[in-house]
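Trainee: So here's start13.txt (compact mmCIF, N, CA and C atoms).
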```txt
# COMPACT_ATOMS: atom_id res chain seq x y z
N MET A 40 29.60 29.17 5.83
CA MET A 40 29.66 27.74 5.58
C MET A 40 28.57 27.05 6.40
N ASP A 41 27.94 26.04 5.79
CA ASP A 41 26.85 25.32 6.44
C ASP A 41 27.42 24.34 7.47
N ARG A 42 27.01 24.49 8.72
CA ARG A 42 27.53 23.63 9.78
C ARG A 42 26.88 22.26 9.81
N HIS A 43 25.70 22.09 9.19
CA HIS A 43 24.97 20.83 9.24
C HIS A 43 24.55 20.38 7.83
N PRO A 44 25.50 20.10 6.94
CA PRO A 44 25.13 19.74 5.57
C PRO A 44 24.33 18.44 5.50
N LYS A 45 24.65 17.47 6.36
CA LYS A 45 23.91 16.20 6.33
C LYS A 45 22.47 16.40 6.78
N LYS A 46 22.28 17.27 7.75
CA LYS A 46 20.93 17.54 8.25
C LYS A 46 20.10 18.18 7.14
N HIS A 47 20.65 19.13 6.43
CA HIS A 47 19.92 19.79 5.34
C HIS A 47 19.68 18.82 4.20
N HIS A 48 20.64 17.94 3.96
CA HIS A 48 20.48 16.94 2.91
C HIS A 48 19.32 15.99 3.25
N ALA A 49 19.22 15.60 4.51
CA ALA A 49 18.14 14.73 4.95
C ALA A 49 16.79 15.43 4.82
N ILE A 50 16.75 16.70 5.18
CA ILE A 50 15.51 17.47 5.05
C ILE A 50 15.11 17.59 3.58
N TRP A 51 16.09 17.79 2.72
CA TRP A 51 15.81 17.87 1.29
C TRP A 51 15.21 16.56 0.78
N HIS A 52 15.77 15.41 1.24
CA HIS A 52 15.23 14.12 0.82
C HIS A 52 13.81 13.91 1.34
N LEU A 53 13.56 14.30 2.57
CA LEU A 53 12.22 14.17 3.13
C LEU A 53 11.22 15.05 2.38
N THR A 54 11.65 16.24 2.01
CA THR A 54 10.80 17.14 1.24
C THR A 54 10.48 16.55 -0.13
N SER A 55 11.49 15.98 -0.78
CA SER A 55 11.27 15.35 -2.08
C SER A 55 10.34 14.14 -1.94
N LEU A 56 10.51 13.38 -0.88
CA LEU A 56 9.64 12.22 -0.63
C LEU A 56 8.20 12.68 -0.43
N ALA A 57 8.01 13.71 0.37
CA ALA A 57 6.65 14.23 0.61
C ALA A 57 6.03 14.75 -0.68
N ARG A 58 6.82 15.44 -1.50
CA ARG A 58 6.31 15.92 -2.79
C ARG A 58 5.96 14.75 -3.70
N GLY A 59 6.78 13.73 -3.68
CA GLY A 59 6.51 12.54 -4.49
C GLY A 59 5.22 11.84 -4.07
N MET A 60 5.00 11.76 -2.77
CA MET A 60 3.75 11.16 -2.27
C MET A 60 2.56 12.02 -2.69
N ARG A 61 2.70 13.33 -2.57
CA ARG A 61 1.62 14.24 -3.00
C ARG A 61 1.33 14.06 -4.48
N ASP A 62 2.38 14.02 -5.29
CA ASP A 62 2.21 13.82 -6.73
C ASP A 62 1.54 12.48 -7.02
N ALA A 63 1.96 11.44 -6.29
CA ALA A 63 1.40 10.10 -6.53
C ALA A 63 -0.10 10.09 -6.26
N PHE A 64 -0.52 10.67 -5.15
CA PHE A 64 -1.94 10.61 -4.81
C PHE A 64 -2.77 11.64 -5.57
N ALA A 65 -2.10 12.51 -6.32
CA ALA A 65 -2.81 13.41 -7.23
C ALA A 65 -2.99 12.78 -8.61
N ASP A 66 -2.24 11.71 -8.87
CA ASP A 66 -2.30 11.02 -10.16
C ASP A 66 -3.61 10.22 -10.25
N PRO A 67 -4.40 10.42 -11.29
CA PRO A 67 -5.68 9.69 -11.43
C PRO A 67 -5.51 8.18 -11.45
N GLN A 68 -4.44 7.68 -12.06
CA GLN A 68 -4.21 6.23 -12.10
C GLN A 68 -4.00 5.69 -10.69
N VAL A 69 -3.20 6.37 -9.89
CA VAL A 69 -2.94 5.93 -8.52
C VAL A 69 -4.23 5.99 -7.70
N ARG A 70 -5.01 7.03 -7.89
CA ARG A 70 -6.28 7.14 -7.16
C ARG A 70 -7.21 5.99 -7.50
N ILE A 71 -7.30 5.65 -8.77
CA ILE A 71 -8.16 4.53 -9.18
C ILE A 71 -7.65 3.23 -8.57
N LEU A 72 -6.35 3.00 -8.64
CA LEU A 72 -5.78 1.79 -8.06
C LEU A 72 -6.01 1.73 -6.55
N LEU A 73 -5.90 2.87 -5.88
CA LEU A 73 -6.14 2.93 -4.44
C LEU A 73 -7.59 2.60 -4.12
N VAL A 74 -8.52 3.15 -4.89
CA VAL A 74 -9.95 2.87 -4.66
C VAL A 74 -10.25 1.39 -4.91
N VAL A 75 -9.73 0.85 -6.00
CA VAL A 75 -9.99 -0.56 -6.32
C VAL A 75 -9.38 -1.48 -5.27
N THR A 76 -8.15 -1.19 -4.86
CA THR A 76 -7.50 -2.01 -3.84
C THR A 76 -8.23 -1.91 -2.50
N SER A 77 -8.62 -0.72 -2.12
CA SER A 77 -9.36 -0.53 -0.86
C SER A 77 -10.71 -1.23 -0.91
N THR A 78 -11.36 -1.16 -2.04
CA THR A 78 -12.65 -1.85 -2.20
C THR A 78 -12.46 -3.35 -2.08
N LEU A 79 -11.43 -3.87 -2.70
CA LEU A 79 -11.16 -5.31 -2.61
C LEU A 79 -10.89 -5.73 -1.17
N VAL A 80 -10.12 -4.93 -0.44
CA VAL A 80 -9.86 -5.24 0.98
C VAL A 80 -11.16 -5.19 1.77
N ALA A 81 -12.01 -4.20 1.50
CA ALA A 81 -13.29 -4.08 2.22
C ALA A 81 -14.20 -5.27 1.93
N VAL A 82 -14.30 -5.66 0.66
CA VAL A 82 -15.14 -6.81 0.29
C VAL A 82 -14.61 -8.08 0.94
N ALA A 83 -13.30 -8.28 0.87
CA ALA A 83 -12.70 -9.47 1.48
C ALA A 83 -12.92 -9.47 2.99
N SER A 84 -12.79 -8.32 3.61
CA SER A 84 -12.97 -8.24 5.06
C SER A 84 -14.40 -8.61 5.46
N VAL A 85 -15.37 -8.09 4.74
CA VAL A 85 -16.78 -8.44 5.03
C VAL A 85 -16.99 -9.94 4.81
N PHE A 86 -16.41 -10.47 3.75
CA PHE A 86 -16.51 -11.91 3.49
C PHE A 86 -15.99 -12.71 4.68
N TYR A 87 -14.81 -12.36 5.18
CA TYR A 87 -14.22 -13.11 6.29
C TYR A 87 -15.03 -12.96 7.57
N VAL A 88 -15.64 -11.82 7.76
CA VAL A 88 -16.51 -11.64 8.94
C VAL A 88 -17.71 -12.58 8.83
N TRP A 89 -18.34 -12.61 7.66
CA TRP A 89 -19.54 -13.42 7.48
C TRP A 89 -19.24 -14.92 7.41
N ILE A 90 -18.25 -15.30 6.66
CA ILE A 90 -17.99 -16.72 6.42
C ILE A 90 -17.11 -17.36 7.49
N GLU A 91 -16.09 -16.66 7.90
CA GLU A 91 -15.17 -17.23 8.89
C GLU A 91 -15.53 -16.86 10.33
N GLY A 92 -16.42 -15.86 10.49
CA GLY A 92 -16.82 -15.45 11.82
C GLY A 92 -15.78 -14.62 12.55
N TRP A 93 -14.87 -13.99 11.80
CA TRP A 93 -13.82 -13.17 12.42
C TRP A 93 -14.35 -11.80 12.78
N SER A 94 -13.65 -11.14 13.67
CA SER A 94 -13.96 -9.74 13.98
C SER A 94 -13.57 -8.89 12.77
N TYR A 95 -14.11 -7.66 12.71
CA TYR A 95 -13.73 -6.78 11.61
C TYR A 95 -12.23 -6.47 11.62
N LEU A 96 -11.67 -6.28 12.79
CA LEU A 96 -10.24 -5.99 12.88
C LEU A 96 -9.42 -7.17 12.34
N ASP A 97 -9.75 -8.39 12.77
CA ASP A 97 -9.02 -9.56 12.28
C ASP A 97 -9.19 -9.73 10.77
N ALA A 98 -10.39 -9.47 10.27
CA ALA A 98 -10.64 -9.62 8.84
C ALA A 98 -9.85 -8.61 8.01
N ILE A 99 -9.84 -7.36 8.46
CA ILE A 99 -9.07 -6.32 7.76
C ILE A 99 -7.58 -6.64 7.84
N TYR A 100 -7.14 -7.01 9.02
CA TYR A 100 -5.73 -7.37 9.24
C TYR A 100 -5.31 -8.50 8.30
N PHE A 101 -6.10 -9.57 8.24
CA PHE A 101 -5.77 -10.70 7.38
C PHE A 101 -5.76 -10.29 5.91
N SER A 102 -6.73 -9.48 5.52
CA SER A 102 -6.82 -9.04 4.12
C SER A 102 -5.59 -8.23 3.72
N VAL A 103 -5.19 -7.30 4.56
CA VAL A 103 -4.03 -6.46 4.24
C VAL A 103 -2.74 -7.29 4.28
N MET A 104 -2.59 -8.15 5.27
CA MET A 104 -1.39 -8.98 5.35
C MET A 104 -1.29 -9.93 4.15
N THR A 105 -2.43 -10.41 3.66
CA THR A 105 -2.42 -11.28 2.47
C THR A 105 -1.95 -10.50 1.25
N LEU A 106 -2.49 -9.29 1.04
CA LEU A 106 -2.07 -8.50 -0.12
C LEU A 106 -0.61 -8.09 -0.03
N ALA A 107 -0.15 -7.82 1.16
CA ALA A 107 1.25 -7.41 1.35
C ALA A 107 2.19 -8.63 1.38
N THR A 108 1.63 -9.80 1.27
CA THR A 108 2.35 -11.09 1.29
C THR A 108 3.18 -11.28 2.55
N VAL A 109 2.71 -10.73 3.66
CA VAL A 109 3.44 -10.89 4.92
C VAL A 109 3.21 -12.29 5.47
N GLY A 110 1.97 -12.71 5.62
CA GLY A 110 1.66 -14.07 6.03
C GLY A 110 2.26 -14.50 7.35
N TYR A 111 1.86 -13.84 8.42
CA TYR A 111 2.36 -14.23 9.75
C TYR A 111 1.91 -15.63 10.14
N GLY A 112 0.77 -16.07 9.64
CA GLY A 112 0.27 -17.40 9.96
C GLY A 112 -0.60 -17.46 11.19
N ASP A 113 -0.87 -16.30 11.79
CA ASP A 113 -1.69 -16.29 12.99
C ASP A 113 -3.18 -16.45 12.68
N LEU A 114 -3.59 -16.11 11.46
CA LEU A 114 -4.97 -16.30 11.03
C LEU A 114 -4.96 -17.06 9.70
N ALA A 115 -5.95 -17.91 9.54
CA ALA A 115 -6.11 -18.63 8.27
C ALA A 115 -7.57 -19.04 8.16
N PRO A 116 -8.12 -19.03 6.96
CA PRO A 116 -9.51 -19.46 6.80
C PRO A 116 -9.63 -20.97 7.10
N HIS A 117 -10.76 -21.34 7.70
CA HIS A 117 -10.98 -22.75 8.07
C HIS A 117 -12.06 -23.41 7.22
N THR A 118 -12.91 -22.63 6.60
CA THR A 118 -13.97 -23.21 5.77
C THR A 118 -13.46 -23.41 4.35
N ALA A 119 -14.07 -24.35 3.63
CA ALA A 119 -13.70 -24.59 2.23
C ALA A 119 -13.96 -23.34 1.40
N LEU A 120 -15.10 -22.69 1.64
CA LEU A 120 -15.43 -21.47 0.91
C LEU A 120 -14.41 -20.37 1.20
N GLY A 121 -14.00 -20.26 2.45
CA GLY A 121 -13.00 -19.26 2.83
C GLY A 121 -11.66 -19.52 2.16
N LYS A 122 -11.27 -20.77 2.07
CA LYS A 122 -10.01 -21.11 1.41
C LYS A 122 -10.07 -20.83 -0.08
N LEU A 123 -11.17 -21.19 -0.73
CA LEU A 123 -11.33 -20.91 -2.16
C LEU A 123 -11.32 -19.41 -2.43
N PHE A 124 -12.04 -18.65 -1.60
CA PHE A 124 -12.07 -17.20 -1.76
C PHE A 124 -10.67 -16.61 -1.59
N THR A 125 -9.92 -17.12 -0.63
CA THR A 125 -8.58 -16.60 -0.36
C THR A 125 -7.65 -16.84 -1.55
N ILE A 126 -7.80 -17.97 -2.22
CA ILE A 126 -7.00 -18.23 -3.42
C ILE A 126 -7.27 -17.16 -4.46
N PHE A 127 -8.55 -16.90 -4.74
CA PHE A 127 -8.93 -15.87 -5.70
C PHE A 127 -8.45 -14.49 -5.24
N PHE A 128 -8.69 -14.19 -3.97
CA PHE A 128 -8.31 -12.89 -3.40
C PHE A 128 -6.81 -12.65 -3.53
N ALA A 129 -6.01 -13.66 -3.21
CA ALA A 129 -4.56 -13.51 -3.29
C ALA A 129 -4.10 -13.33 -4.74
N LEU A 130 -4.64 -14.14 -5.64
CA LEU A 130 -4.21 -14.05 -7.04
C LEU A 130 -4.53 -12.69 -7.65
N VAL A 131 -5.70 -12.17 -7.36
CA VAL A 131 -6.10 -10.87 -7.90
C VAL A 131 -5.48 -9.73 -7.09
N GLY A 132 -5.57 -9.83 -5.80
CA GLY A 132 -5.17 -8.73 -4.92
C GLY A 132 -3.68 -8.45 -4.87
N ILE A 133 -2.86 -9.48 -4.88
CA ILE A 133 -1.42 -9.26 -4.79
C ILE A 133 -0.93 -8.51 -6.04
N GLY A 134 -1.42 -8.92 -7.20
CA GLY A 134 -1.05 -8.21 -8.43
C GLY A 134 -1.48 -6.76 -8.39
N LEU A 135 -2.69 -6.54 -7.93
CA LEU A 135 -3.22 -5.17 -7.83
C LEU A 135 -2.40 -4.34 -6.85
N PHE A 136 -2.05 -4.93 -5.72
CA PHE A 136 -1.26 -4.24 -4.71
C PHE A 136 0.13 -3.88 -5.24
N VAL A 137 0.73 -4.80 -5.99
CA VAL A 137 2.05 -4.54 -6.57
C VAL A 137 1.98 -3.39 -7.58
N VAL A 138 0.94 -3.37 -8.40
CA VAL A 138 0.78 -2.28 -9.37
C VAL A 138 0.59 -0.95 -8.65
N LEU A 139 -0.20 -0.94 -7.58
CA LEU A 139 -0.40 0.28 -6.79
C LEU A 139 0.93 0.76 -6.20
N CYS A 140 1.66 -0.12 -5.56
CA CYS A 140 2.94 0.26 -4.96
C CYS A 140 3.92 0.74 -6.02
N SER A 141 3.94 0.07 -7.16
CA SER A 141 4.84 0.48 -8.25
C SER A 141 4.49 1.86 -8.78
N SER A 142 3.21 2.14 -8.89
CA SER A 142 2.78 3.45 -9.39
C SER A 142 3.16 4.56 -8.42
N VAL A 143 2.99 4.31 -7.14
CA VAL A 143 3.38 5.30 -6.13
C VAL A 143 4.91 5.49 -6.16
N ALA A 144 5.64 4.37 -6.22
CA ALA A 144 7.10 4.46 -6.24
C ALA A 144 7.59 5.21 -7.48
N LYS A 145 6.96 4.99 -8.62
CA LYS A 145 7.36 5.68 -9.85
C LYS A 145 7.22 7.19 -9.68
N GLN A 146 6.13 7.64 -9.07
CA GLN A 146 5.92 9.07 -8.85
C GLN A 146 6.96 9.64 -7.89
N ILE A 147 7.28 8.90 -6.84
CA ILE A 147 8.27 9.37 -5.87
C ILE A 147 9.64 9.46 -6.53
N ILE A 148 10.02 8.44 -7.27
CA ILE A 148 11.32 8.44 -7.94
C ILE A 148 11.40 9.58 -8.95
N PHE A 149 10.32 9.78 -9.70
CA PHE A 149 10.29 10.88 -10.66
C PHE A 149 10.50 12.22 -9.96
N ARG A 150 9.82 12.42 -8.84
CA ARG A 150 9.93 13.69 -8.10
C ARG A 150 11.34 13.88 -7.56
N VAL A 151 11.91 12.85 -6.97
CA VAL A 151 13.24 12.97 -6.37
C VAL A 151 14.26 13.27 -7.46
N THR A 152 14.21 12.56 -8.58
CA THR A 152 15.18 12.83 -9.65
C THR A 152 14.93 14.19 -10.29
N ASP A 153 13.68 14.60 -10.38
CA ASP A 153 13.36 15.92 -10.93
C ASP A 153 13.91 17.02 -10.01
N ASP A 154 13.74 16.83 -8.68
CA ASP A 154 14.26 17.80 -7.72
C ASP A 154 15.79 17.87 -7.76
N GLU A 155 16.43 16.71 -7.99
CA GLU A 155 17.89 16.69 -8.05
C GLU A 155 18.40 17.46 -9.26
N ASN A 156 17.63 17.45 -10.35
CA ASN A 156 18.05 18.11 -11.58
C ASN A 156 17.77 19.61 -11.59
N GLU A 157 17.05 20.09 -10.61
CA GLU A 157 16.74 21.53 -10.56
C GLU A 157 17.89 22.32 -9.99
```
Would you give me this structure, written as structure tokens?
Mentor:
Amino acid sequence: MDRHPKKHHAIWHLTSLARGMRDAFADPQVRILLVVTSTLVAVASVFYVWIEGWSYLDAIYFSVMTLATVGYGDLAPHTALGKLFTIFFALVGIGLFVVLCSSVAKQIIFRVTDDENE
């Protein structure tokens, strides 16, 4: 008799999660979405460095927090051009980020349910 069934169950879930992540990043659609999203974050970060005068770390941080819709409020663009760019960046980037996360989640869910049926 197994003395630690919950422990093995947790390991099984972690294994399925890891397989799902592997499957997701092997999917060409997810890879394309990841490249496009990363490129958008990189372009936005360079923009904020040049236009807002932020450090690279602050620019990357703001770009990622904007796409993730966290919005701590500790950074915000101060120039008119920066504000206009951020409107465009948020409208395009948030949708793209949601599609990326949904695609990864779909692969993970597929793997977990497939593993449960085996």
Trainee: Counting all atoms listed in the file, what is within 8 Å of range 86-90 of chain A, bar same-chain residues fewer than 2 positions away, as a list in words?
Mentor: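 So, after excluding close chain neighbours, the residues are Val80, Ala81, Val82, Ala83, Ser84, Gly92, Trp93, Ser94, Tyr95, Asp97, Ala98, Ile99, Pro116, His117, Thr118, Leu120 and Gly121 of chain A.
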Trainee: Please identify which residues in chain A DSSP calls alpha helix (DSSP H) from the backbone, and express them as a count of residues only.
Mentor: 92
Trainee: Kindly provide the residues of range 98-154 of chain A that approach range 64-71 of chain A to within 6.5 Å, each paired with its closest atom pair and their distance in Å to one decimal, based on only N, CA and C atoms, listed by chain and increasing number, as a tab-separated table.
Mentor:
```
residue	atom	partner	partner_atom	distance
A:Leu139	CA	A:Val69	CA	6.4
A:Ser142	C	A:Val69	CA	6.3
A:Val143	N	A:Val69	CA	6.3
```
Trainee: Report, in Å to a single decimal, how far apart CA of Arg58 in chain A and atom N of Thr78 in chain A are.
Mentor: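 The value is 24.6 Å.
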Trainee: From the options A:Glu91, A:His52, A:Ile133, A:Asn156, which residue's atoms come nearest to Leu106 in chain A, counting all atoms listed in the file?
Mentor: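 Once distances to Leu106 in chain A are computed over all atoms listed in the file, the minimum belongs to A:Ile133.
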Trainee: Using only N, CA and C atoms, can you tell me which of A:Gly112, A:Asp153, A:Ile148, A:Lys122 comes closest to Met60 in chain A?
Mentor: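 Looking at the shortest contact to Met60 in chain A, the residue is A:Ile148.
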